[in-house]
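S.K.: One structure, pasted below without further comment.
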Amino acid sequence: YEVQSFSIRSNADSVTLSPSASISSGYRMRFKSETTAVTTGGGGKGCLRWDGSVAEIKAELEAMAGIGSVTVTKEEMSSIVGGVGAGVKYYITFTGLNVRGNVPPLQIVDVGKNGCLDAHNSGGFFGQDLAP
């Protein structure tokens, strides 16, 4: 099974991204030509909360016709002194029949835009504070 991962963390150890429970921020995921379109936790349709649960991500990805099934795990990441700040890292294991072998990379899109919320617009930290 192929495993892909992505992380969302701040660009400096002195910056803490605003927890979505306080000020929501979000993004969408794209796989091939499909984009997440169900949840609204991070804003408009398909916007996932940046620090959301593995169940939310799993449900969104499994709603895509081209995926089938996945397992998702989440790791809390600490800040690195003099480097990037704290955040989260998600690991997606493709287990469905449609995604055996080498699969195209998941893309993270609409980060804090196109209907996905950005805590920065409400006095918090997110879009402009993300590590590349």
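Order determines the names: the first chain of the structure tokens is A, the second B, and so forth; residues in each chain are numbered 1 upward, and ligands are numbered 1 upward as they are shown.
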Report the residues of chain A whose backbone DSSP state falls under strand (DSSP E), written as a ChimeraX atom specification.

M.R.: /A:3-9,26-31,34-35,48-49,70-77,87-94,107-109

S.K.: Give me the residues within 12 Å of region 32-38 of chain A as a PyMOL selection string, counting only C-alpha atoms and dropping any in the same chain fewer than 6 places off.

M.R.: chain A and resi 26+44-48+56-67+99+103-110+115-116

S.K.: If DSSP is run on the backbone, what residues of chain A are alpha helix (DSSP H)? A reply as a PyMOL selection string would be ideal.

M.R.: chain A and resi 54-62

S.K.: For each of A:Gln4, A:Leu130, A:His120, A:Ser24, take the minimum atom-to-atom distance to Ala86 (chain A), counting only C-alpha atoms, then give the residue where this is smallest.

M.R.: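 Smallest distance to Ala86 (chain A) is found for A:Leu130.
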
S.K.: If we count only C-alpha atoms and set the cut-off at 9 Å, which residues sit around Ile8 (chain A), ignoring sequence neighbours fewer than 2 positions away in its own chain? Please answer as number ranges by chain.

M.R.: A: 6, 10, 50-51, 86-90, 130-132

S.K.: From the list A:Thr71, A:Ser7, A:Ser20, A:Asn102, which residue is nearest Gly124 (chain A) when using only C-alpha atoms?

M.R.: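 Ranked by minimum distance to Gly124 (chain A), first place goes to A:Ser20.
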
S.K.: For Ser25 (chain A), which residue among A:Gly43, A:Gly123, A:Asn11, A:Gln128 is the nearest when counting only C-alpha atoms?

M.R.: A:Gly43

S.K.: In terms of the shortest atom-to-atom distance over only C-alpha atoms, which of A:Met77, A:Ile92, A:Val111, A:Val3 is closest to Thr16 (chain A)?

M.R.: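 Of A:Met77, A:Ile92, A:Val111, A:Val3, the one nearest Thr16 (chain A), counting only C-alpha atoms, is A:Met77.
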
S.K.: Taking 4 positions as the minimum chain separation for residues in the same chain, which residues sit within 7 Å of Ser18 (chain A) when counting only C-alpha atoms? Answer as a list in words.

M.R.: Ser22, Ile23, Ala119, Gly124, Phe125 and Phe126 of chain A
